[in-house]
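S.K.: I have a structure here, written as structure tokens, and I will follow up with some questions on it.
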Amino acid sequence: MSGMSRRRFMTGLSSAAATAALWPVLTPGRALAQDQALAATRARAVRIDGTTLERAATPVGQGGYRRLVAGPGWPVVVRGELAGATSGRDDRRTGLASFVQFTDLHLTDTESPVRFEYLARFNDSAHRPQEALTVRGASSLVERVNAVRQGPYTGLPFSMVMATGDNTDNHELIELDWYLTVMSGGRITPSSGDLTRYEGVQNSGDTQYWNPESALRDAYKAKGLPQIPGFLSGAIRPFDAPGLSLPWYTTVGNHDDSIEGSLPDLGLLNSLYTGSRKVEGCDDATAAQLADALVHDPGKAAVLLGRLLTNGGSIRTVTSDERRHPFTPAEFAKAHLNPAYTGAGPVGHGFTPDSAAGGKLYYTFDLADGVLGISLDTTNRAGFADGSLGSTQLAWLESVLKAHSGHWYDSDGHTVRGGSDDRLVVVFSHHTSTTMGNLLPDPYRPFEGRHSGDELVALLQRFPNVVAWVNGHTHENRISAHGHAVAERAFWEINTASHVDYPHHARIIEIADNQDGTISLFTTLIESAAPYTTDFSDTSDRGLAALYRELAYNDPYATPSARIGTAADHNTELLLTRPAT
């Protein structure tokens, strides 16, 4: 698609005046500055409807269970760490690309035997009160993207959605089916085992879990979570997912290839996945040991899990289900090629028959005219949550960057001229630069070297046409500047919060040429299409999607304030020096 010229300011404000109005919002208590910043933001945008530029979920009340309402939007923050902001750039701007990032959807089979809900007090990701609603919550996010349709600053229609990993929670075939159907559209029954009744910890009668349909005074109700009759029956009720109305791609995450995102899957627990014995509790000492082992010693964790199944665990019998079988990387790619999941395309959503044959889960694609997308596989099948890159993939990435760069820098800093296809590049991965320190040998490629996030940053900085690295994994909003003494070698790292933990964000990213030697990357957060206010008597699809957001905010083991990020990590204009041609 050709570039789209920016329309002129609606209010006639200069770019410099607009920028000056934005920074005071970072000082708490400046209500007037906030209003001015929002007015300047609206003046600069083509359209703000349906984004957090217009409104954002806001908690009200003090202590206990807090309700959410539609609060004021968040203004754009101009970040000039890597290049200066010149006046008049809005009038000259040409849009180059506009797309959306989903990340960490964690579509969860809450009735699966291979889960560790009893560790929630040690690890908040082990169990969440809202997790029975992950599939509906993700579908509501799809609805939002379909409604917004275009970038708020360039006005360019979205070219695609990229989901940057942890699309499933426990790499089960049924979770993968739910993910692919949410993205492509179709009928979904978000339940496993006996589809007529819920068989998970939330109707266990155990006081350590939120039992939403029961009057039981459990630990979650003690912290203010409500009783909601019909919650679980509504959660497993079939519904029709609309699917994205635009192309979409997938990047793989650690929860898509390992047991609960931590334990290496060597096929030893397959019968447990598909069987009928579900551990719902254990003593505190064993729970503490297992929680620590999942982080530090996967081998010990597997031993402890085996002991729980034979001695000492509180076991519940559930309906067995072969659809809970864990998938391999090759099966992950193959499922994307199934015509039933093509949706708005493209066929395979980045993966090819070769991917399916060999389990190679990294690839390139055309993000927009003149912009290349690169999706990496940063998972390490040795286990643990964090990742790294194998030597083969790192070499492949360097060759791709050389092929699409008119010039680059060698490891000694000397300029090299070469590639015939000079394009801007956006790199996607699940892990961030600071969560790629897992250098254990991959058990499926034991003699291959592994490479860290620092090594990847150093490689990307050799190629001036790399403008952004977009990722997830941390469940936090955080935007980092990777500066360099040579201005054109800098790039931005854009890390977005998850859609399983509050704040349930996705991110619009736009690339624009300012025609003054700089590029702007606009990042705008969006929330799902669910209502902001909840009604505990409303278990309709919309009502459940609204509860999904509010329950996530009130998860007693989570820390939403730490994940939401600062104003400089939300709606931003990120400036870069345009690479020389």
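Residue numbering restarts at 1 in every chain; chains get A, B, ... in the order shown in the structure tokens, and ligands count up from 1 in that same order.
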Need to verify the contact set: Asp109 of chain A, 12 Å, only C-alpha atoms, exclusion of same-chain residues closer than 5 positions in sequence. Can you return it as a PDB file with C-alpha atoms, in the first residue's frame?
M.R.:
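File produced: result.pdb:
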```
ATOM      1  CA  VAL A 114      -1.566 -30.693  33.935  1.00  0.00           C
ATOM      2  CA  ARG A 115      -1.958 -27.422  35.774  1.00  0.00           C
ATOM      3  CA  GLU A 117      -3.345 -23.906  40.375  1.00  0.00           C
ATOM      4  CA  HIS A 127      -3.997 -19.648  38.657  1.00  0.00           C
ATOM      5  CA  GLU A 131      -8.813 -17.570  33.458  1.00  0.00           C
ATOM      6  CA  ALA A 132     -11.990 -19.508  32.601  1.00  0.00           C
ATOM      7  CA  LEU A 133     -12.843 -16.480  30.418  1.00  0.00           C
ATOM      8  CA  THR A 134      -9.624 -16.206  28.389  1.00  0.00           C
ATOM      9  CA  VAL A 135     -11.241 -17.340  25.132  1.00  0.00           C
ATOM     10  CA  THR A 168      -1.891 -20.987  24.410  1.00  0.00           C
ATOM     11  CA  ASP A 169      -1.246 -21.523  28.100  1.00  0.00           C
ATOM     12  CA  ASN A 170      -0.135 -25.145  28.241  1.00  0.00           C
ATOM     13  CA  HIS A 171       0.509 -26.055  24.580  1.00  0.00           C
ATOM     14  CA  GLU A 172      -2.496 -28.338  24.308  1.00  0.00           C
ATOM     15  CA  LEU A 173      -4.173 -29.130  20.991  1.00  0.00           C
ATOM     16  CA  ILE A 174      -7.519 -27.915  22.307  1.00  0.00           C
ATOM     17  CA  GLU A 175      -6.013 -24.566  23.367  1.00  0.00           C
ATOM     18  CA  LEU A 176      -4.426 -24.256  19.926  1.00  0.00           C
ATOM     19  CA  ASP A 177      -7.822 -24.915  18.316  1.00  0.00           C
ATOM     20  CA  TRP A 178      -9.357 -22.155  20.449  1.00  0.00           C
ATOM     21  CA  TYR A 179      -6.595 -19.708  19.502  1.00  0.00           C
ATOM     22  CA  THR A 189     -16.925 -24.391  23.136  1.00  0.00           C
ATOM     23  CA  PRO A 190     -14.368 -23.177  25.705  1.00  0.00           C
ATOM     24  CA  SER A 191     -14.392 -26.373  27.735  1.00  0.00           C
ATOM     25  CA  SER A 192     -12.715 -29.782  27.718  1.00  0.00           C
ATOM     26  CA  GLY A 193     -13.629 -33.175  29.118  1.00  0.00           C
ATOM     27  CA  TYR A 198     -17.246 -27.471  34.477  1.00  0.00           C
ATOM     28  CA  GLU A 199     -14.578 -29.747  36.003  1.00  0.00           C
ATOM     29  CA  GLY A 200     -11.927 -27.449  37.433  1.00  0.00           C
ATOM     30  CA  VAL A 201     -10.767 -25.961  40.705  1.00  0.00           C
ATOM     31  CA  ALA A 235     -17.849 -19.601  30.858  1.00  0.00           C
ATOM     32  CA  ILE A 236     -18.103 -22.987  29.119  1.00  0.00           C
ATOM     33  CA  GLU A 260       3.097 -24.460  31.766  1.00  0.00           C
ATOM     34  CA  TYR A 273      -2.485 -34.505  30.008  1.00  0.00           C
ATOM     35  CA  THR A 274      -5.143 -36.737  28.464  1.00  0.00           C
ATOM     36  CA  ASP A 321      -9.927 -35.880  26.761  1.00  0.00           C
ATOM     37  CA  ARG A 323      -7.748 -33.125  22.698  1.00  0.00           C
ATOM     38  CA  ARG A 324      -5.593 -32.080  25.646  1.00  0.00           C
ATOM     39  CA  HIS A 325      -2.612 -33.837  24.078  1.00  0.00           C
ATOM     40  CA  PRO A 326       0.359 -31.429  23.906  1.00  0.00           C
TER      41      PRO A 326
END
```
S.K.: Skipping near chain neighbours, those fewer than 3 positions away, what residues fall within 8 Å of segment 293-297 of chain A using only C-alpha atoms, listed as a short mmCIF file (atom, residue, chain, number, x, y, z; two decimals) with C-alpha atoms, in the first residue's frame?
M.R.:
```
data_model
loop_
_atom_site.label_atom_id
_atom_site.label_comp_id
_atom_site.auth_asym_id
_atom_site.auth_seq_id
_atom_site.Cartn_x
_atom_site.Cartn_y
_atom_site.Cartn_z
CA SER A 262 8.51 -23.82 32.29
CA LEU A 263 9.09 -27.58 32.10
CA GLN A 289 9.28 -26.73 46.84
CA LEU A 290 7.45 -27.26 43.55
CA LYS A 300 13.12 -31.77 40.35
CA ALA A 301 9.73 -30.28 39.47
CA PHE A 384 12.48 -22.43 32.01
CA ALA A 385 10.38 -19.44 31.02
#
```
S.K.: Need the shell around Thr328 of chain A: protein/DNA/RNA residues with any atom at most 10 Å away, counting only C-alpha atoms. Skip same-chain ones fewer than 4 positions apart. Format as a ChimeraX atom specification?
M.R.: /A:171-173,256-258,265-267,332-334,356,359
S.K.: Please produce a file of those selected residues containing N, CA, C and O atoms, as a compact mmCIF listing (two decimals), in the first residue's frame.
M.R.:
```txt
# COMPACT_ATOMS: atom_id res chain seq x y z
N HIS A 171 0.26 -25.43 25.89
CA HIS A 171 0.51 -26.05 24.58
C HIS A 171 -0.28 -27.34 24.37
O HIS A 171 0.23 -28.38 23.96
N GLU A 172 -1.59 -27.24 24.58
CA GLU A 172 -2.50 -28.34 24.31
C GLU A 172 -3.18 -28.12 22.96
O GLU A 172 -3.44 -26.99 22.56
N LEU A 173 -3.50 -29.22 22.29
CA LEU A 173 -4.17 -29.13 20.99
C LEU A 173 -5.49 -28.39 21.10
O LEU A 173 -5.85 -27.61 20.20
N ASP A 256 3.76 -21.96 24.43
CA ASP A 256 3.32 -22.70 23.24
C ASP A 256 4.19 -23.93 22.97
O ASP A 256 3.90 -24.69 22.04
N ASP A 257 5.24 -24.13 23.77
CA ASP A 257 6.09 -25.30 23.48
C ASP A 257 6.60 -26.02 24.71
O ASP A 257 7.42 -26.92 24.60
N SER A 258 6.10 -25.67 25.90
CA SER A 258 6.57 -26.37 27.09
C SER A 258 5.45 -26.49 28.11
O SER A 258 4.40 -25.86 27.97
N ASP A 265 9.17 -30.31 27.59
CA ASP A 265 8.22 -31.37 27.27
C ASP A 265 8.94 -32.43 26.44
O ASP A 265 9.15 -32.27 25.24
N LEU A 266 9.30 -33.51 27.10
CA LEU A 266 9.97 -34.63 26.43
C LEU A 266 9.01 -35.79 26.18
O LEU A 266 9.42 -36.91 25.92
N GLY A 267 7.70 -35.51 26.28
CA GLY A 267 6.70 -36.51 26.01
C GLY A 267 6.38 -37.42 27.18
O GLY A 267 5.61 -38.37 27.05
N PHE A 332 2.32 -27.48 15.67
CA PHE A 332 1.91 -26.07 15.80
C PHE A 332 1.86 -25.40 14.43
O PHE A 332 0.87 -24.75 14.07
N ALA A 333 2.92 -25.58 13.65
CA ALA A 333 2.95 -24.99 12.30
C ALA A 333 1.90 -25.63 11.40
O ALA A 333 1.20 -24.93 10.65
N LYS A 334 1.77 -26.94 11.48
CA LYS A 334 0.82 -27.64 10.62
C LYS A 334 -0.60 -27.18 10.87
O LYS A 334 -1.41 -27.03 9.94
N ALA A 356 6.13 -26.97 8.89
CA ALA A 356 5.43 -28.11 9.46
C ALA A 356 6.28 -29.37 9.43
O ALA A 356 6.21 -30.20 10.34
N GLY A 359 9.49 -28.20 11.92
CA GLY A 359 9.31 -27.48 13.18
C GLY A 359 10.09 -26.18 13.24
O GLY A 359 10.38 -25.67 14.33
```
S.K.: As a list of chain:residue names, please: every residue in segment 356-518 of chain A that a backbone DSSP assignment puts in alpha helix (DSSP H).
M.R.: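 Alpha helix (DSSP H) members of segment 356-518 of chain A, listed: A:Ala356, A:Ala357, A:Gly358, A:Ser391, A:Thr392, A:Gln393, A:Leu394, A:Ala395, A:Trp396, A:Leu397, A:Glu398, A:Ser399, A:Val400, A:Leu401, A:Lys402, A:Ala403, A:Gly453, A:Asp454, A:Glu455, A:Leu456, A:Val457, A:Ala458, A:Leu459, A:Leu460.
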S.K.: Any chance you can output those residues with N, CA and C atoms as a PDB file, in the first residue's frame?
M.R.:
```
ATOM      1  N   ALA A 356       6.130 -26.969   8.886  1.00  0.00           N
ATOM      2  CA  ALA A 356       5.426 -28.106   9.461  1.00  0.00           C
ATOM      3  C   ALA A 356       6.280 -29.367   9.425  1.00  0.00           C
ATOM      4  N   ALA A 357       7.090 -29.499   8.384  1.00  0.00           N
ATOM      5  CA  ALA A 357       7.919 -30.700   8.254  1.00  0.00           C
ATOM      6  C   ALA A 357       9.063 -30.709   9.265  1.00  0.00           C
ATOM      7  N   GLY A 358       9.637 -29.524   9.496  1.00  0.00           N
ATOM      8  CA  GLY A 358      10.824 -29.482  10.339  1.00  0.00           C
ATOM      9  C   GLY A 358      10.668 -28.769  11.663  1.00  0.00           C
ATOM     10  N   SER A 391      22.172 -20.856  17.243  1.00  0.00           N
ATOM     11  CA  SER A 391      23.158 -20.333  16.283  1.00  0.00           C
ATOM     12  C   SER A 391      22.637 -20.358  14.853  1.00  0.00           C
ATOM     13  N   THR A 392      21.909 -21.419  14.486  1.00  0.00           N
ATOM     14  CA  THR A 392      21.389 -21.512  13.123  1.00  0.00           C
ATOM     15  C   THR A 392      20.419 -20.373  12.829  1.00  0.00           C
ATOM     16  N   GLN A 393      19.543 -20.090  13.770  1.00  0.00           N
ATOM     17  CA  GLN A 393      18.577 -19.012  13.567  1.00  0.00           C
ATOM     18  C   GLN A 393      19.256 -17.649  13.554  1.00  0.00           C
ATOM     19  N   LEU A 394      20.246 -17.450  14.411  1.00  0.00           N
ATOM     20  CA  LEU A 394      20.958 -16.167  14.441  1.00  0.00           C
ATOM     21  C   LEU A 394      21.661 -15.926  13.115  1.00  0.00           C
ATOM     22  N   ALA A 395      22.282 -16.959  12.549  1.00  0.00           N
ATOM     23  CA  ALA A 395      22.944 -16.826  11.251  1.00  0.00           C
ATOM     24  C   ALA A 395      21.926 -16.538  10.154  1.00  0.00           C
ATOM     25  N   TRP A 396      20.786 -17.212  10.215  1.00  0.00           N
ATOM     26  CA  TRP A 396      19.705 -16.951   9.259  1.00  0.00           C
ATOM     27  C   TRP A 396      19.250 -15.504   9.348  1.00  0.00           C
ATOM     28  N   LEU A 397      19.060 -15.001  10.558  1.00  0.00           N
ATOM     29  CA  LEU A 397      18.614 -13.620  10.747  1.00  0.00           C
ATOM     30  C   LEU A 397      19.619 -12.640  10.145  1.00  0.00           C
ATOM     31  N   GLU A 398      20.891 -12.857  10.379  1.00  0.00           N
ATOM     32  CA  GLU A 398      21.905 -11.959   9.820  1.00  0.00           C
ATOM     33  C   GLU A 398      21.861 -11.979   8.294  1.00  0.00           C
ATOM     34  N   SER A 399      21.669 -13.158   7.707  1.00  0.00           N
ATOM     35  CA  SER A 399      21.616 -13.240   6.238  1.00  0.00           C
ATOM     36  C   SER A 399      20.388 -12.519   5.696  1.00  0.00           C
ATOM     37  N   VAL A 400      19.263 -12.618   6.388  1.00  0.00           N
ATOM     38  CA  VAL A 400      18.043 -11.922   5.957  1.00  0.00           C
ATOM     39  C   VAL A 400      18.244 -10.416   6.029  1.00  0.00           C
ATOM     40  N   LEU A 401      18.828  -9.948   7.113  1.00  0.00           N
ATOM     41  CA  LEU A 401      19.048  -8.510   7.263  1.00  0.00           C
ATOM     42  C   LEU A 401      19.996  -7.986   6.190  1.00  0.00           C
ATOM     43  N   LYS A 402      21.026  -8.732   5.855  1.00  0.00           N
ATOM     44  CA  LYS A 402      21.941  -8.305   4.799  1.00  0.00           C
ATOM     45  C   LYS A 402      21.238  -8.246   3.446  1.00  0.00           C
ATOM     46  N   ALA A 403      20.364  -9.204   3.194  1.00  0.00           N
ATOM     47  CA  ALA A 403      19.670  -9.247   1.906  1.00  0.00           C
ATOM     48  C   ALA A 403      18.721  -8.076   1.723  1.00  0.00           C
ATOM     49  N   GLY A 453      19.951 -12.035  24.620  1.00  0.00           N
ATOM     50  CA  GLY A 453      19.328 -10.800  24.157  1.00  0.00           C
ATOM     51  C   GLY A 453      20.336  -9.719  23.846  1.00  0.00           C
ATOM     52  N   ASP A 454      21.415  -9.642  24.625  1.00  0.00           N
ATOM     53  CA  ASP A 454      22.456  -8.637  24.346  1.00  0.00           C
ATOM     54  C   ASP A 454      23.094  -8.878  22.978  1.00  0.00           C
ATOM     55  N   GLU A 455      23.298 -10.146  22.635  1.00  0.00           N
ATOM     56  CA  GLU A 455      23.870 -10.462  21.324  1.00  0.00           C
ATOM     57  C   GLU A 455      22.904 -10.096  20.204  1.00  0.00           C
ATOM     58  N   LEU A 456      21.619 -10.290  20.450  1.00  0.00           N
ATOM     59  CA  LEU A 456      20.632  -9.926  19.430  1.00  0.00           C
ATOM     60  C   LEU A 456      20.566  -8.417  19.253  1.00  0.00           C
ATOM     61  N   VAL A 457      20.613  -7.665  20.346  1.00  0.00           N
ATOM     62  CA  VAL A 457      20.640  -6.200  20.247  1.00  0.00           C
ATOM     63  C   VAL A 457      21.845  -5.752  19.431  1.00  0.00           C
ATOM     64  N   ALA A 458      23.001  -6.327  19.719  1.00  0.00           N
ATOM     65  CA  ALA A 458      24.224  -5.945  18.999  1.00  0.00           C
ATOM     66  C   ALA A 458      24.090  -6.233  17.506  1.00  0.00           C
ATOM     67  N   LEU A 459      23.467  -7.362  17.150  1.00  0.00           N
ATOM     68  CA  LEU A 459      23.273  -7.673  15.734  1.00  0.00           C
ATOM     69  C   LEU A 459      22.311  -6.683  15.086  1.00  0.00           C
ATOM     70  N   LEU A 460      21.187  -6.432  15.723  1.00  0.00           N
ATOM     71  CA  LEU A 460      20.193  -5.530  15.132  1.00  0.00           C
ATOM     72  C   LEU A 460      20.764  -4.122  14.944  1.00  0.00           C
TER      73      LEU A 460
END
```
S.K.: Near His475 of chain A, counting only C-alpha atoms, which residues have an atom at most 8 Å away, once you skip same-chain residues fewer than 4 positions from it, shown as a ChimeraX atom specification?
M.R.: /A:104,496-498,501,563
S.K.: Using N, CA, C and O atoms, can you write the selected residues to a file as a JSON list (two decimals), in the first residue's frame?
M.R.:
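To be explicit, this is the file written out as part.json:
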```json
[["chain", "number", "residue", "atom", "x", "y", "z"],
["A", 104, "ASP", "N", 0.56, -12.68, 24.55],
["A", 104, "ASP", "CA", 0.28, -13.39, 25.80],
["A", 104, "ASP", "C", -1.21, -13.53, 26.05],
["A", 104, "ASP", "O", -1.73, -13.17, 27.11],
["A", 496, "THR", "N", 4.82, -5.13, 25.17],
["A", 496, "THR", "CA", 3.42, -4.86, 25.47],
["A", 496, "THR", "C", 2.89, -5.85, 26.50],
["A", 496, "THR", "O", 3.25, -7.02, 26.51],
["A", 497, "ALA", "N", 2.00, -5.35, 27.37],
["A", 497, "ALA", "CA", 1.41, -6.17, 28.43],
["A", 497, "ALA", "C", 0.55, -7.28, 27.84],
["A", 497, "ALA", "O", 0.15, -7.24, 26.67],
["A", 498, "SER", "N", 0.24, -8.26, 28.68],
["A", 498, "SER", "CA", -0.49, -9.44, 28.21],
["A", 498, "SER", "C", -1.98, -9.18, 28.12],
["A", 498, "SER", "O", -2.49, -8.16, 28.60],
["A", 501, "ASP", "N", -3.39, -11.11, 32.03],
["A", 501, "ASP", "CA", -3.29, -10.31, 33.25],
["A", 501, "ASP", "C", -3.69, -8.87, 32.93],
["A", 501, "ASP", "O", -3.45, -8.38, 31.83],
["A", 563, "ARG", "N", 2.39, -3.74, 36.13],
["A", 563, "ARG", "CA", 2.35, -4.19, 34.75],
["A", 563, "ARG", "C", 1.86, -3.12, 33.79],
["A", 563, "ARG", "O", 2.10, -3.21, 32.58]]
```
S.K.: Per residue of segment 471-581 of chain A within 12 Å of segment 100-103 of chain A, which atom pair is closest and at what distance in Å (one decimal), using only C-alpha atoms, listed by chain and increasing number, as a tab-separated table?
M.R.:
```
residue	atom	partner	partner_atom	distance
A:Asn471	CA	A:Thr103	CA	7.7
A:Gly472	CA	A:Thr103	CA	5.7
A:His473	CA	A:Thr103	CA	7.7
A:Thr474	CA	A:Thr103	CA	10.0
A:His475	CA	A:Thr103	CA	8.5
A:Glu476	CA	A:Thr103	CA	10.5
A:Asn477	CA	A:Thr103	CA	11.1
A:Ile494	CA	A:Gln101	CA	10.0
A:Asn495	CA	A:Thr103	CA	9.3
A:Thr496	CA	A:Thr103	CA	7.1
A:Ala497	CA	A:Thr103	CA	7.2
A:Ser498	CA	A:Thr103	CA	5.5
A:His499	CA	A:Thr103	CA	6.6
A:Val500	CA	A:Thr103	CA	9.1
A:Asp501	CA	A:Thr103	CA	11.0
A:His504	CA	A:Thr103	CA	9.5
A:His505	CA	A:Phe102	CA	7.9
A:Ala506	CA	A:Phe102	CA	5.0
A:Arg507	CA	A:Gln101	CA	5.2
A:Ile508	CA	A:Val100	CA	4.4
A:Ile509	CA	A:Val100	CA	6.0
A:Glu510	CA	A:Val100	CA	8.7
A:Ile511	CA	A:Val100	CA	11.8
A:Phe522	CA	A:Val100	CA	11.4
A:Thr523	CA	A:Val100	CA	9.4
A:Thr524	CA	A:Val100	CA	9.3
A:Leu525	CA	A:Val100	CA	9.4
A:Ile526	CA	A:Val100	CA	9.4
A:Glu527	CA	A:Phe102	CA	10.7
A:Ser528	CA	A:Phe102	CA	11.1
```
S.K.: Contacts of Tyr209 of chain A at 9 Å or less, counting only C-alpha atoms, minus same-chain residues fewer than 2 places along, as a VMD selection string?
M.R.: chain A and resid 117 to 118 127 129 201 to 207 211 218 to 220
S.K.: Let me see the file: selected residues, N, CA, C and O atoms, as a short mmCIF file (atom, residue, chain, number, x, y, z; two decimals), in the first residue's frame.
M.R.:
```
data_model
loop_
_atom_site.label_atom_id
_atom_site.label_comp_id
_atom_site.auth_asym_id
_atom_site.auth_seq_id
_atom_site.Cartn_x
_atom_site.Cartn_y
_atom_site.Cartn_z
N GLU A 117 -2.56 -24.97 39.73
CA GLU A 117 -3.35 -23.91 40.37
C GLU A 117 -3.01 -23.74 41.85
O GLU A 117 -3.10 -22.64 42.40
N TYR A 118 -2.63 -24.83 42.51
CA TYR A 118 -2.35 -24.83 43.94
C TYR A 118 -1.07 -24.07 44.29
O TYR A 118 -0.72 -23.95 45.47
N HIS A 127 -2.53 -19.66 38.68
CA HIS A 127 -4.00 -19.65 38.66
C HIS A 127 -4.49 -18.21 38.76
O HIS A 127 -3.98 -17.43 39.55
N PRO A 129 -8.23 -15.86 38.84
CA PRO A 129 -9.69 -16.01 38.98
C PRO A 129 -10.44 -15.83 37.67
O PRO A 129 -11.52 -16.38 37.48
N VAL A 201 -10.91 -26.30 39.29
CA VAL A 201 -10.77 -25.96 40.70
C VAL A 201 -11.81 -24.96 41.19
O VAL A 201 -12.03 -24.83 42.39
N GLN A 202 -12.46 -24.25 40.25
CA GLN A 202 -13.37 -23.20 40.70
C GLN A 202 -14.75 -23.70 41.11
O GLN A 202 -15.61 -22.90 41.46
N ASN A 203 -14.96 -25.00 41.07
CA ASN A 203 -16.13 -25.56 41.76
C ASN A 203 -15.71 -26.73 42.64
O ASN A 203 -16.47 -27.66 42.89
N SER A 204 -14.47 -26.66 43.12
CA SER A 204 -13.89 -27.75 43.92
C SER A 204 -14.39 -27.76 45.35
O SER A 204 -14.30 -28.79 46.03
N GLY A 205 -14.89 -26.62 45.84
CA GLY A 205 -15.23 -26.52 47.26
C GLY A 205 -14.01 -26.29 48.14
O GLY A 205 -14.13 -26.20 49.37
N ASP A 206 -12.84 -26.15 47.53
CA ASP A 206 -11.61 -25.87 48.27
C ASP A 206 -11.53 -24.37 48.50
O ASP A 206 -11.61 -23.57 47.56
N THR A 207 -11.34 -23.96 49.74
CA THR A 207 -11.36 -22.53 50.07
C THR A 207 -10.15 -21.76 49.55
O THR A 207 -10.14 -20.53 49.61
N ASN A 211 -14.57 -19.87 44.32
CA ASN A 211 -15.68 -20.70 43.88
C ASN A 211 -16.84 -19.76 43.54
O ASN A 211 -17.69 -19.47 44.39
N ASP A 218 -14.56 -18.47 50.58
CA ASP A 218 -13.21 -18.88 50.21
C ASP A 218 -12.23 -17.71 50.35
O ASP A 218 -12.62 -16.59 50.69
N ALA A 219 -10.95 -17.98 50.07
CA ALA A 219 -9.91 -16.97 50.25
C ALA A 219 -10.10 -15.77 49.33
O ALA A 219 -9.75 -14.64 49.69
N TYR A 220 -10.66 -16.00 48.15
CA TYR A 220 -10.86 -14.91 47.21
C TYR A 220 -12.04 -14.05 47.62
O TYR A 220 -11.98 -12.81 47.53
#
```
S.K.: Tell me, as JSON, numbers by chain, which residues lie within 8 Å of segment 406-421 of chain A, counting only C-alpha atoms; anything in the same chain fewer than 5 positions away does not count.
M.R.: {"A": [462, 463, 464, 581]}
S.K.: Tell me, as JSON, numbers by chain, which residues lie within 10 Å of Gly543 of chain A, counting only C-alpha atoms; anything in the same chain fewer than 3 positions away does not count.
M.R.: {"A": [234, 530, 531, 532, 533, 534, 535, 536, 537, 538, 539, 540, 546, 547, 548]}
